[in-house]
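Containing compact mmCIF, C-alpha atoms: query_26.txt.
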# COMPACT_ATOMS: atom_id res chain seq x y z
CA MET Z 4 -89.87 -27.79 28.95
CA THR Z 5 -91.43 -31.00 30.20
CA ALA Z 6 -90.87 -33.15 33.26
CA ARG Z 7 -88.91 -35.56 31.07
CA THR Z 8 -86.52 -33.00 29.64
CA LEU Z 9 -85.72 -31.20 32.89
CA PRO Z 10 -83.71 -34.04 34.53
CA ALA Z 11 -81.53 -34.27 31.43
CA MET Z 12 -80.48 -30.66 31.98
CA ILE Z 13 -79.28 -31.27 35.56
CA PRO Z 14 -75.67 -32.50 35.69
CA GLU Z 15 -74.74 -35.77 37.33
CA ARG Z 16 -71.80 -36.24 39.69
CA PRO Z 17 -69.13 -36.84 36.98
CA GLU Z 18 -70.08 -33.57 35.31
CA VAL Z 19 -69.84 -31.75 38.64
CA HIS Z 20 -66.20 -32.86 38.94
CA SER Z 21 -65.59 -31.73 35.36
CA LEU Z 22 -67.27 -28.41 36.18
CA LEU Z 23 -64.90 -27.75 39.07
CA ALA Z 24 -61.90 -28.57 36.88
CA GLY Z 25 -63.11 -26.39 34.02
CA LEU Z 26 -64.05 -23.24 35.91
CA ASP Z 27 -62.34 -19.94 35.24
CA TRP Z 28 -60.70 -19.78 38.66
CA ARG Z 29 -59.10 -16.41 38.02
CA LEU Z 30 -62.48 -14.81 37.46
CA LEU Z 31 -63.99 -16.68 40.41
CA GLY Z 32 -61.05 -15.61 42.58
CA ALA Z 33 -61.58 -11.95 41.69
CA ILE Z 34 -65.30 -12.26 42.49
CA LEU Z 35 -64.55 -13.85 45.87
CA ALA Z 36 -61.91 -11.22 46.66
CA VAL Z 37 -64.27 -8.32 45.98
CA SER Z 38 -67.11 -10.00 47.90
CA LEU Z 39 -64.97 -10.71 50.96
CA LEU Z 40 -63.60 -7.17 50.93
CA GLY Z 41 -67.17 -5.92 50.65
CA LEU Z 42 -68.08 -7.99 53.72
CA VAL Z 43 -65.24 -6.36 55.66
CA MET Z 44 -66.26 -2.87 54.53
CA VAL Z 45 -69.93 -3.39 55.39
CA GLY Z 46 -68.87 -4.35 58.91
CA SER Z 47 -66.58 -1.35 59.22
CA ALA Z 48 -69.01 1.17 57.71
CA SER Z 49 -72.04 0.04 59.71
CA ILE Z 50 -70.62 -0.69 63.15
CA SER Z 51 -71.44 2.69 64.71
CA LEU Z 52 -74.86 2.95 63.06
CA ALA Z 53 -75.84 -0.56 64.15
CA ASP Z 54 -74.66 0.08 67.71
CA ARG Z 55 -76.62 3.32 68.00
CA ASN Z 56 -79.86 2.20 66.34
CA LEU Z 57 -79.99 -1.50 67.23
CA GLY Z 58 -77.65 -1.95 70.18
CA SER Z 59 -75.72 -4.59 68.22
CA PRO Z 60 -72.51 -3.33 66.53
CA PHE Z 61 -72.25 -6.31 64.18
CA HIS Z 62 -75.92 -6.52 63.16
CA TYR Z 63 -75.39 -5.55 59.52
CA LEU Z 64 -72.17 -7.54 59.27
CA GLN Z 65 -73.89 -10.69 60.51
CA ARG Z 66 -76.78 -10.25 58.10
CA GLN Z 67 -74.43 -9.58 55.18
CA ALA Z 68 -72.38 -12.66 56.09
CA LEU Z 69 -75.57 -14.72 55.97
CA PHE Z 70 -76.44 -13.22 52.58
CA PHE Z 71 -72.89 -13.98 51.44
CA LEU Z 72 -73.21 -17.68 52.30
CA LEU Z 73 -76.69 -17.88 50.78
CA ALA Z 74 -75.58 -16.06 47.62
CA PHE Z 75 -72.65 -18.37 46.93
CA ALA Z 76 -74.74 -21.46 47.71
CA LEU Z 77 -77.28 -20.23 45.17
CA GLY Z 78 -74.42 -19.42 42.78
CA GLY Z 79 -73.15 -22.99 43.11
CA LEU Z 80 -76.60 -24.32 42.25
CA THR Z 81 -76.72 -22.00 39.25
CA LEU Z 82 -73.37 -23.34 38.05
CA CYS Z 83 -74.78 -26.85 38.07
CA LEU Z 84 -77.72 -25.98 35.80
CA LYS Z 85 -77.28 -25.95 32.06
CA LEU Z 86 -77.93 -22.61 30.42
CA GLU Z 87 -80.61 -24.24 28.32
CA VAL Z 88 -82.77 -24.34 31.48
CA TRP Z 89 -82.56 -20.56 31.71
CA ARG Z 90 -83.30 -20.10 28.02
CA VAL Z 91 -86.42 -22.28 28.15
CA LEU Z 92 -87.67 -20.60 31.33
CA SER Z 93 -86.83 -17.04 30.23
CA GLY Z 94 -90.48 -16.18 29.58
CA VAL Z 95 -91.49 -17.45 33.01
CA GLY Z 96 -88.71 -15.39 34.57
CA MET Z 97 -89.97 -12.27 32.85
CA LEU Z 98 -93.53 -12.90 34.03
CA VAL Z 99 -92.27 -13.39 37.60
CA SER Z 100 -90.35 -10.10 37.36
CA LEU Z 101 -93.42 -8.22 36.14
CA PHE Z 102 -95.59 -9.81 38.82
CA LEU Z 103 -93.20 -8.75 41.58
CA LEU Z 104 -92.95 -5.20 40.18
CA VAL Z 105 -96.74 -4.93 40.32
CA LEU Z 106 -97.01 -6.68 43.68
CA VAL Z 107 -94.62 -4.29 45.44
CA LEU Z 108 -96.87 -1.35 44.48
CA MET Z 109 -99.99 -2.86 46.02
CA PRO Z 110 -101.12 -1.24 49.30
CA GLY Z 111 -100.02 -3.20 52.33
CA VAL Z 112 -97.48 -5.29 50.41
CA GLY Z 113 -94.51 -3.10 49.58
CA ARG Z 114 -92.35 -1.53 52.27
CA GLU Z 115 -91.68 2.20 52.05
CA VAL Z 116 -88.22 3.55 52.89
CA ASN Z 117 -87.27 7.23 52.38
CA GLY Z 118 -90.34 7.81 50.21
CA SER Z 119 -89.74 4.84 47.87
CA ILE Z 120 -91.62 1.53 47.79
CA ARG Z 121 -89.05 -0.93 46.47
CA TRP Z 122 -89.05 -3.84 48.91
CA ILE Z 123 -91.35 -6.75 49.71
CA PRO Z 124 -90.96 -7.86 53.36
CA MET Z 125 -90.31 -11.59 53.67
CA GLY Z 126 -89.85 -12.07 57.40
CA PRO Z 127 -86.29 -11.02 58.31
CA PHE Z 128 -85.46 -10.44 54.64
CA ASN Z 129 -86.60 -7.59 52.37
CA LEU Z 130 -86.74 -8.50 48.69
CA GLN Z 131 -85.79 -5.65 46.34
CA VAL Z 132 -87.70 -6.55 43.20
CA ALA Z 133 -85.66 -4.29 40.88
CA GLU Z 134 -82.65 -6.60 41.30
CA ILE Z 135 -84.69 -9.59 40.11
CA ALA Z 136 -86.04 -7.52 37.20
CA LYS Z 137 -82.50 -6.70 36.01
CA LEU Z 138 -81.57 -10.36 35.71
CA GLY Z 139 -84.99 -11.26 34.29
CA VAL Z 140 -84.62 -8.67 31.51
CA ILE Z 141 -81.14 -9.89 30.58
CA VAL Z 142 -82.15 -13.54 30.34
CA TYR Z 143 -85.37 -12.76 28.46
CA LEU Z 144 -83.62 -10.47 25.96
CA ALA Z 145 -80.85 -13.02 25.39
CA ALA Z 146 -83.42 -15.74 24.73
CA TRP Z 147 -85.40 -13.48 22.40
CA LEU Z 148 -82.32 -12.53 20.40
CA SER Z 149 -81.16 -16.16 20.18
CA ARG Z 150 -84.50 -17.08 18.59
CA HIS Z 151 -85.39 -13.93 16.66
CA GLY Z 152 -82.09 -12.16 16.09
CA ASP Z 153 -82.64 -11.62 12.36
CA ARG Z 154 -86.16 -10.35 12.97
CA VAL Z 155 -84.92 -7.86 15.58
CA ARG Z 156 -82.22 -6.57 13.23
CA LYS Z 157 -84.33 -6.39 10.07
CA THR Z 158 -87.91 -5.53 11.09
CA THR Z 159 -89.44 -2.78 13.18
CA ALA Z 160 -91.92 -5.16 14.83
CA GLY Z 161 -89.20 -7.53 16.00
CA PHE Z 162 -87.22 -4.60 17.35
CA MET Z 163 -90.14 -2.95 19.15
CA LEU Z 164 -91.29 -5.98 21.14
CA PRO Z 165 -88.30 -6.06 23.53
CA ILE Z 166 -88.42 -2.26 23.66
CA ALA Z 167 -92.05 -2.46 24.79
CA VAL Z 168 -91.00 -4.85 27.57
CA PHE Z 169 -88.26 -2.43 28.69
CA CYS Z 170 -90.71 0.47 28.70
CA LEU Z 171 -93.24 -1.49 30.77
CA ILE Z 172 -90.63 -2.46 33.34
CA GLY Z 173 -89.27 1.09 33.39
CA PHE Z 174 -92.76 2.48 33.97
CA LEU Z 175 -93.35 0.13 36.92
CA LEU Z 176 -89.97 1.07 38.40
CA LEU Z 177 -90.72 4.78 38.07
CA LEU Z 178 -93.91 4.26 40.06
CA GLN Z 179 -91.85 3.11 43.07
CA PRO Z 180 -90.03 5.49 42.24
CA ASP Z 181 -86.64 4.03 41.23
CA PHE Z 182 -85.24 6.17 38.41
CA GLY Z 183 -81.74 4.69 38.75
CA ALA Z 184 -82.85 1.08 38.25
CA ALA Z 185 -85.11 2.08 35.34
CA ALA Z 186 -82.22 3.89 33.65
CA VAL Z 187 -79.85 0.93 34.18
CA ILE Z 188 -82.34 -1.59 32.74
CA MET Z 189 -83.01 0.59 29.71
CA ALA Z 190 -79.26 1.11 29.17
CA ILE Z 191 -78.61 -2.65 29.44
CA GLY Z 192 -81.33 -3.39 26.89
CA LEU Z 193 -80.13 -0.77 24.43
CA GLY Z 194 -76.52 -1.90 24.86
CA VAL Z 195 -77.32 -5.55 24.15
CA LEU Z 196 -79.45 -4.60 21.13
CA PHE Z 197 -76.58 -2.50 19.80
CA LEU Z 198 -74.17 -5.42 20.22
CA ALA Z 199 -76.72 -7.67 18.50
CA GLY Z 200 -76.39 -5.58 15.34
CA VAL Z 201 -79.48 -3.38 15.36
CA PRO Z 202 -79.10 -0.74 12.60
CA LEU Z 203 -77.49 2.43 13.88
CA TRP Z 204 -80.28 4.74 12.66
CA ARG Z 205 -82.91 2.78 14.55
CA PHE Z 206 -80.74 2.50 17.61
CA GLY Z 207 -79.86 6.21 17.45
CA LEU Z 208 -83.49 7.25 17.16
CA LEU Z 209 -84.46 5.14 20.17
CA LEU Z 210 -81.49 6.41 22.15
CA ALA Z 211 -82.49 10.00 21.43
CA LEU Z 212 -86.04 9.29 22.59
CA ALA Z 213 -84.74 7.61 25.77
CA VAL Z 214 -82.46 10.58 26.56
CA ALA Z 215 -85.32 13.02 25.92
CA ALA Z 216 -87.64 11.02 28.18
CA GLY Z 217 -85.00 10.88 30.93
CA ALA Z 218 -84.41 14.62 30.69
CA ALA Z 219 -88.15 15.27 30.90
CA LEU Z 220 -88.43 13.08 34.01
CA ILE Z 221 -85.61 15.01 35.67
CA VAL Z 222 -86.95 18.46 34.79
CA THR Z 223 -90.52 17.70 35.85
CA SER Z 224 -89.55 16.08 39.17
CA PRO Z 225 -88.46 18.52 41.92
CA TYR Z 226 -86.44 15.98 43.89
CA ARG Z 227 -84.60 14.72 40.78
CA TRP Z 228 -83.88 18.29 39.73
CA GLU Z 229 -82.57 19.04 43.22
CA ARG Z 230 -80.23 16.05 42.98
CA LEU Z 231 -78.91 17.28 39.65
CA THR Z 232 -78.31 20.84 40.81
CA ALA Z 233 -76.74 19.62 44.06
CA PHE Z 234 -74.39 17.38 42.07
CA LEU Z 235 -73.23 20.29 39.91
CA ASN Z 236 -72.31 22.39 42.96
CA PRO Z 237 -72.67 20.47 46.24
CA TRP Z 238 -70.72 23.11 48.19
CA ALA Z 239 -73.40 25.71 47.48
CA ASP Z 240 -75.59 24.03 50.13
CA PRO Z 241 -73.25 21.64 51.99
CA PHE Z 242 -75.59 21.16 54.97
CA ASN Z 243 -78.76 20.37 53.03
CA SER Z 244 -79.04 19.26 49.39
CA GLY Z 245 -75.28 18.81 48.99
CA PHE Z 246 -74.67 17.17 52.37
CA GLN Z 247 -74.36 13.57 51.20
CA LEU Z 248 -71.96 14.36 48.37
CA THR Z 249 -69.78 16.75 50.35
CA GLN Z 250 -69.38 14.19 53.14
CA SER Z 251 -68.41 11.58 50.57
CA LEU Z 252 -65.81 13.89 49.06
CA ILE Z 253 -64.42 14.67 52.52
CA ALA Z 254 -64.12 10.94 53.23
CA ILE Z 255 -62.27 10.30 49.96
CA GLY Z 256 -59.97 13.28 50.56
CA ARG Z 257 -59.09 12.13 54.08
CA GLY Z 258 -57.85 8.79 52.74
CA GLU Z 259 -54.92 10.36 50.90
CA TRP Z 260 -52.41 7.71 49.71
CA PHE Z 261 -52.83 4.79 52.12
CA GLY Z 262 -55.87 5.71 54.20
CA VAL Z 263 -56.47 6.22 57.91
CA GLY Z 264 -56.68 2.48 58.61
CA LEU Z 265 -59.42 -0.13 58.74
CA GLY Z 266 -62.16 0.94 61.16
CA ALA Z 267 -60.69 4.43 61.66
CA SER Z 268 -63.06 6.31 59.34
CA VAL Z 269 -64.56 9.44 60.86
CA GLN Z 270 -67.14 10.16 58.16
CA LYS Z 271 -69.01 6.92 58.84
CA LEU Z 272 -69.71 8.16 62.39
CA PHE Z 273 -73.12 9.62 61.52
CA TYR Z 274 -71.75 12.17 59.03
CA LEU Z 275 -71.99 10.20 55.78
CA PRO Z 276 -75.55 8.92 55.14
CA GLU Z 277 -75.93 5.38 53.77
CA ALA Z 278 -72.26 4.67 54.51
CA HIS Z 279 -72.70 0.88 54.36
CA THR Z 280 -74.88 0.84 51.23
CA ASP Z 281 -74.60 3.46 48.48
CA PHE Z 282 -71.44 5.12 49.86
CA VAL Z 283 -69.38 2.16 51.03
CA PHE Z 284 -66.79 3.09 48.38
CA ALA Z 285 -66.20 6.45 50.09
CA VAL Z 286 -65.55 4.70 53.41
CA LEU Z 287 -63.17 2.31 51.67
CA ALA Z 288 -61.31 5.28 50.14
CA GLU Z 289 -61.02 6.93 53.57
CA GLU Z 290 -59.75 3.81 55.32
CA PHE Z 291 -57.48 2.41 52.57
CA GLY Z 292 -56.66 5.54 50.57
CA LEU Z 293 -55.73 5.73 46.92
CA PHE Z 294 -53.96 2.39 47.15
CA GLY Z 295 -57.15 0.62 48.21
CA VAL Z 296 -59.19 2.43 45.58
CA VAL Z 297 -56.82 1.36 42.81
CA VAL Z 298 -56.91 -2.27 43.95
CA VAL Z 299 -60.72 -2.38 44.11
CA VAL Z 300 -61.21 -0.58 40.79
CA ALA Z 301 -58.68 -2.92 39.15
CA LEU Z 302 -60.53 -5.99 40.46
CA LEU Z 303 -63.91 -4.65 39.33
CA ALA Z 304 -62.49 -3.71 35.92
CA TYR Z 305 -60.98 -7.18 35.54
CA ILE Z 306 -64.31 -8.84 36.34
CA GLY Z 307 -66.16 -6.66 33.82
CA TRP Z 308 -63.48 -7.23 31.16
CA ARG Z 309 -63.58 -11.00 31.58
CA ILE Z 310 -67.37 -11.13 31.44
CA LEU Z 311 -67.47 -9.21 28.17
CA GLY Z 312 -64.61 -11.31 26.79
CA ILE Z 313 -66.47 -14.54 27.54
CA GLY Z 314 -69.58 -13.09 25.89
CA ALA Z 315 -67.63 -12.17 22.78
CA ALA Z 316 -66.12 -15.67 22.59
CA CYS Z 317 -69.57 -17.26 22.87
CA LEU Z 318 -70.95 -15.12 20.07
CA ARG Z 319 -67.99 -15.88 17.80
CA HIS Z 320 -68.65 -19.58 18.21
CA GLY Z 321 -72.37 -19.31 17.51
CA LYS Z 322 -73.55 -19.62 21.11
CA THR Z 323 -75.95 -16.71 20.94
CA PHE Z 324 -77.93 -17.18 24.15
CA PRO Z 325 -74.87 -17.53 26.45
CA GLY Z 326 -73.17 -14.73 24.53
CA TYR Z 327 -75.99 -12.22 24.99
CA VAL Z 328 -76.44 -13.25 28.63
CA CYS Z 329 -72.76 -12.50 29.27
CA MET Z 330 -72.96 -9.22 27.38
CA GLY Z 331 -75.99 -8.17 29.42
CA VAL Z 332 -74.39 -9.16 32.72
CA GLY Z 333 -71.14 -7.42 31.72
CA LEU Z 334 -72.97 -4.20 30.88
CA TRP Z 335 -75.01 -4.39 34.08
CA PHE Z 336 -72.00 -5.04 36.30
CA SER Z 337 -69.71 -2.48 34.65
CA MET Z 338 -72.36 0.21 34.38
CA GLN Z 339 -73.49 -0.08 37.98
CA CYS Z 340 -69.88 0.00 39.20
CA LEU Z 341 -69.18 3.12 37.14
CA ILE Z 342 -72.34 4.86 38.33
CA ASN Z 343 -71.80 4.06 42.01
CA ILE Z 344 -68.14 5.08 41.99
CA GLY Z 345 -68.98 8.17 39.92
CA VAL Z 346 -71.63 9.20 42.46
CA ASN Z 347 -69.22 8.68 45.37
CA MET Z 348 -66.60 10.85 43.64
CA GLY Z 349 -69.04 13.59 42.66
CA LEU Z 350 -68.85 12.84 38.93
CA LEU Z 351 -72.52 11.81 38.63
CA PRO Z 352 -75.79 12.75 40.38
CA THR Z 353 -76.90 10.57 43.29
CA LYS Z 354 -78.77 7.51 41.94
CA GLY Z 355 -79.24 5.17 44.89
CA LEU Z 356 -77.47 2.27 43.16
CA THR Z 357 -75.34 -0.17 45.12
CA LEU Z 358 -71.76 -1.14 44.35
CA PRO Z 359 -72.03 -4.77 43.12
CA LEU Z 360 -70.67 -7.40 45.53
CA MET Z 361 -69.61 -4.74 48.06
CA SER Z 362 -72.59 -2.70 49.27
CA TYR Z 363 -74.91 -3.97 52.00
CA GLY Z 364 -78.05 -5.62 50.66
CA GLY Z 365 -79.21 -9.19 50.32
CA SER Z 366 -81.13 -8.84 47.05
CA SER Z 367 -78.26 -7.07 45.32
CA LEU Z 368 -75.66 -9.61 46.44
CA LEU Z 369 -77.84 -12.63 45.62
CA MET Z 370 -78.68 -11.48 42.09
CA ALA Z 371 -75.12 -10.32 41.37
CA VAL Z 372 -73.67 -13.71 42.34
CA VAL Z 373 -76.32 -15.62 40.36
CA ALA Z 374 -75.63 -13.44 37.30
CA LEU Z 375 -71.88 -14.03 37.60
CA ALA Z 376 -72.49 -17.76 38.03
CA LEU Z 377 -74.33 -17.71 34.69
CA VAL Z 378 -71.21 -16.19 33.11
CA LEU Z 379 -68.98 -18.87 34.66
CA ARG Z 380 -71.38 -21.53 33.39
CA ALA Z 381 -71.30 -20.04 29.89
CA ASP Z 382 -67.50 -20.11 29.95
CA TYR Z 383 -67.51 -23.73 31.14
CA GLU Z 384 -69.92 -24.85 28.42
CA LEU Z 385 -67.77 -23.10 25.82
CA ARG Z 386 -64.68 -24.92 27.08
CA ALA Z 387 -66.55 -28.22 27.22
CA VAL Z 388 -67.18 -28.22 23.46
CA GLY Z 389 -63.55 -27.34 22.76
CA ALA Z 390 -64.32 -23.84 21.51
CA ARG Z 391 -61.98 -22.33 24.07
CA PRO Z 392 -58.70 -23.67 25.43
CA ARG Z 393 -58.01 -23.65 29.16
CA ARG Z 394 -55.34 -20.98 28.87
CA ASP Z 395 -56.23 -17.96 26.85
CA ARG Z 396 -54.05 -14.97 26.16
CA ASN Z 397 -56.26 -13.00 23.81
CA ALA Z 398 -58.36 -9.97 24.80
CA GLY Z 399 -61.14 -10.77 27.20
CA GLY Z 400 -60.04 -14.35 27.47
CA ALA Z 401 -61.56 -15.25 24.09
CA THR Z 402 -59.98 -17.09 21.22

Would you kindly transcribe this structure into structure tokens?
Amino acid sequence: MTARTLPAMIPERPEVHSLLAGLDWRLLGAILAVSLLGLVMVGSASISLADRNLGSPFHYLQRQALFFLLAFALGGLTLCLKLEVWRVLSGVGMLVSLFLLVLVLMPGVGREVNGSIRWIPMGPFNLQVAEIAKLGVIVYLAAWLSRHGDRVRKTTAGFMLPIAVFCLIGFLLLLQPDFGAAAVIMAIGLGVLFLAGVPLWRFGLLLALAVAAGAALIVTSPYRWERLTAFLNPWADPFNSGFQLTQSLIAIGRGEWFGVGLGASVQKLFYLPEAHTDFVFAVLAEEFGLFGVVVVVALLAYIGWRILGIGAACLRHGKTFPGYVCMGVGLWFSMQCLINIGVNMGLLPTKGLTLPLMSYGGSSLLMAVVALALVLRADYELRAVGARPRRDRNAGGAT
């Protein structure tokens, strides 16, 4: 990209008006609804913790509200940029992701929390580099497949290059350590490659190797093994290794049909660890009950379904880069929602992954909104060329 070509990729005012008219407002509405509900739940889940530790009951709520405004401002800017900008700069984005993953491990740079070094302090804001790496991998892989799709499908060399990138990023994440983020990035990469048409035997072999490597990492790491055994029977040691999960299950059980009411959760009062981050879903279940859980899961499922539908429509109309970006974002969003909710309900081992758009965390919210803005932009560009009508009744919103 040159200085001459960049201005041509930035929309002028008439296109901005067209962009607003052509947005998928149903998808955007669902995203806003989940984000606003997440803001409410962060405030409710953190109020006692913030009051005890910081003397300010609304500390986390105020910070999350600031992140919310910043995220949607950044999302609006993303909507105004043509996807071609992201495709051309995909290599730069990957280099930035790798640089940050190395930088956070350097002594005196990364911030350690609970034995993990995952954040780079930036004044009042802590940057979690794994969130940037997730988006960087998706954009890079989409750009690579749009240029070398046949090579990836037909040759071992073309297939192994993106795999080597995944392995490098996974290795750097494991040094933090962040096994959950490494597993999610590897799963996103394998999922997109599968959707791109990689032969099943090659994909199956790689999947088997990835599962074997993950099992080896769990068996050889005492704390990962403890998480796995605690997940299988948390009540065997409810006051130590199984404490977090048992408290989450108690919170969900107390919610019953319609919950105990907003702000009335008992488990968030210093019983449930990480109530406003990893386990905000359990607090939501306690305060809004099964009814609230069904509403939230339905909204999250709708968002994931629409993202994948837009990706499928892009691919059918030959828009490979937007299509693979949407597929990657859809897999990322859906997978992380499933893992977080599964952990809260005791169906999966604890992973330390946030619930997209709802859990407390600036980096997570910023990158999630930017990724979803890319999907909305892809849908708009597809509509703009007449490949998709405004109203769409087929699966996933694709024609």

Computed interatomic separation between CA of Leu287 (chain Z) and CA of Leu130 (chain Z) (Å):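 So the answer is 26.1 Å.
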
Pick from Z:Gly349, Z:Leu379, Z:Leu72, Z:Leu80, whichever lies nearest to Gly326 (chain Z) using all atoms listed in the file: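 Counting all atoms listed in the file, the residue closest to Gly326 (chain Z) is Z:Leu379.
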
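Note that the spacing between CA of Phe102 (chain Z) and CA of Thr353 (chain Z) amounts to 28.0 Å.
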
Length of the CA of Lys271 (chain Z) to CA of Pro237 (chain Z) vector [Å]: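 That distance, rounded to one decimal, is 18.9 Å.
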
Sel. within 12 Å of pt (-84.3, 1.1, 36.7), counting all atoms listed in the file, output as a ChimeraX atom specification: /Z:104,121,131-138,140,169-192,217,335,339,354-356

Near-region 251-262 of chain Z list (7 Å; all atoms listed in the file; drop same-chain fewer than 2 positions) as a ChimeraX atom specification: /Z:247-249,264,270,275,285-286,288-294,347-348

Using only C-alpha atoms: which of Z:Val296, Z:Ala304, Z:Val328, Z:Leu42 has the shortest distance to Ala199 (chain Z):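 Ranking Z:Val296, Z:Ala304, Z:Val328, Z:Leu42 by distance to Ala199 (chain Z), first place goes to Z:Val328.
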
Cut-off 7 Å around (-67.4, -15.3, 39.6) with only C-alpha atoms: residues as number ranges by chain: Z: 30-31, 34, 375-376, 379

Z:Gly194, Z:Ile166, Z:Val283, Z:Gly345 ranked by distance to Leu212 (chain Z), top pick (using only C-alpha atoms): Z:Ile166

Selection: 7 Å around Cys317 (chain Z), all atoms listed in the file, excl. self and same-chain fewer than 5 positions, as a PyMOL selection string: chain Z and resi 322-323+325-326+385

Who sits within 12 Å of Ala36 (chain Z), all atoms listed in the file, same chain under 6 positions skipped, as a PyMOL selection string: chain Z and resi 28-30+42-43+298-299+301-303+305-306+360-361

Ser51 (chain Z) surroundings by all atoms listed in the file, 9 Å radius, close-in-sequence under 3 positions cut, as a VMD selection string: chain Z and resid 47 to 48 54 to 56 60 271 to 273

Of the listed residues Z:Val105, Z:Leu341, Z:Ile50, Z:Leu98, that which approaches Tyr143 (chain Z) most closely, counting only C-alpha atoms: Z:Leu98

Counting all atoms listed in the file, the residue of Z:Val201, Z:Ile221, Z:Leu369, Z:Met330 that sits nearest Ala145 (chain Z):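 The closest residue to Ala145 (chain Z) is Z:Met330.
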
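Counting only C-alpha atoms and comparing Z:Met109, Z:Met44, Z:Val346, Z:Val372, the residue that lies closest to Leu265 (chain Z) is Z:Met44.
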
For Asn129 (chain Z): contacts at 9 Å, all atoms listed in the file, fewer than 6 positions along chain excluded, given as number ranges by chain: Z: 114, 122-123, 364-366

Written selection (C-alpha atoms) as a short mmCIF file (atom, residue, chain, number, x, y, z; two decimals), keeping the file's coordinate frame:
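Ended up saving to again-v3.cif:
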data_model
loop_
_atom_site.label_atom_id
_atom_site.label_comp_id
_atom_site.auth_asym_id
_atom_site.auth_seq_id
_atom_site.Cartn_x
_atom_site.Cartn_y
_atom_site.Cartn_z
CA ARG Z 114 -92.35 -1.53 52.27
CA TRP Z 122 -89.05 -3.84 48.91
CA ILE Z 123 -91.35 -6.75 49.71
CA GLY Z 364 -78.05 -5.62 50.66
CA GLY Z 365 -79.21 -9.19 50.32
CA SER Z 366 -81.13 -8.84 47.05
#

Can you give me N, CA and C atoms for region 195-209 of chain Z, written as a CSV table (one decimal), keeping the file's coordinate frame?
chain,number,residue,atom,x,y,z
Z,195,VAL,N,-77.3,-4.2,24.7
Z,195,VAL,CA,-77.3,-5.6,24.2
Z,195,VAL,C,-77.9,-5.5,22.7
Z,196,LEU,N,-78.9,-4.7,22.5
Z,196,LEU,CA,-79.4,-4.6,21.1
Z,196,LEU,C,-78.4,-4.0,20.2
Z,197,PHE,N,-77.6,-3.1,20.6
Z,197,PHE,CA,-76.6,-2.5,19.8
Z,197,PHE,C,-75.5,-3.6,19.5
Z,198,LEU,N,-75.1,-4.4,20.5
Z,198,LEU,CA,-74.2,-5.4,20.2
Z,198,LEU,C,-74.7,-6.5,19.3
Z,199,ALA,N,-76.1,-6.7,19.3
Z,199,ALA,CA,-76.7,-7.7,18.5
Z,199,ALA,C,-76.8,-7.3,17.0
Z,200,GLY,N,-76.4,-6.0,16.7
Z,200,GLY,CA,-76.4,-5.6,15.3
Z,200,GLY,C,-77.6,-4.8,14.9
Z,201,VAL,N,-78.4,-4.2,15.8
Z,201,VAL,CA,-79.5,-3.4,15.4
Z,201,VAL,C,-78.9,-2.2,14.5
Z,202,PRO,N,-79.6,-1.9,13.4
Z,202,PRO,CA,-79.1,-0.7,12.6
Z,202,PRO,C,-78.9,0.5,13.4
Z,203,LEU,N,-77.9,1.3,13.1
Z,203,LEU,CA,-77.5,2.4,13.9
Z,203,LEU,C,-78.6,3.5,13.9
Z,204,TRP,N,-79.3,3.7,12.7
Z,204,TRP,CA,-80.3,4.7,12.7
Z,204,TRP,C,-81.4,4.4,13.6
Z,205,ARG,N,-81.8,3.2,13.7
Z,205,ARG,CA,-82.9,2.8,14.6
Z,205,ARG,C,-82.5,2.9,16.0
Z,206,PHE,N,-81.3,2.4,16.3
Z,206,PHE,CA,-80.7,2.5,17.6
Z,206,PHE,C,-80.6,4.0,18.0
Z,207,GLY,N,-80.1,4.8,17.1
Z,207,GLY,CA,-79.9,6.2,17.4
Z,207,GLY,C,-81.2,6.9,17.7
Z,208,LEU,N,-82.2,6.6,17.0
Z,208,LEU,CA,-83.5,7.2,17.2
Z,208,LEU,C,-84.0,6.9,18.5
Z,209,LEU,N,-84.0,5.6,18.9
Z,209,LEU,CA,-84.5,5.1,20.2
Z,209,LEU,C,-83.6,5.7,21.3
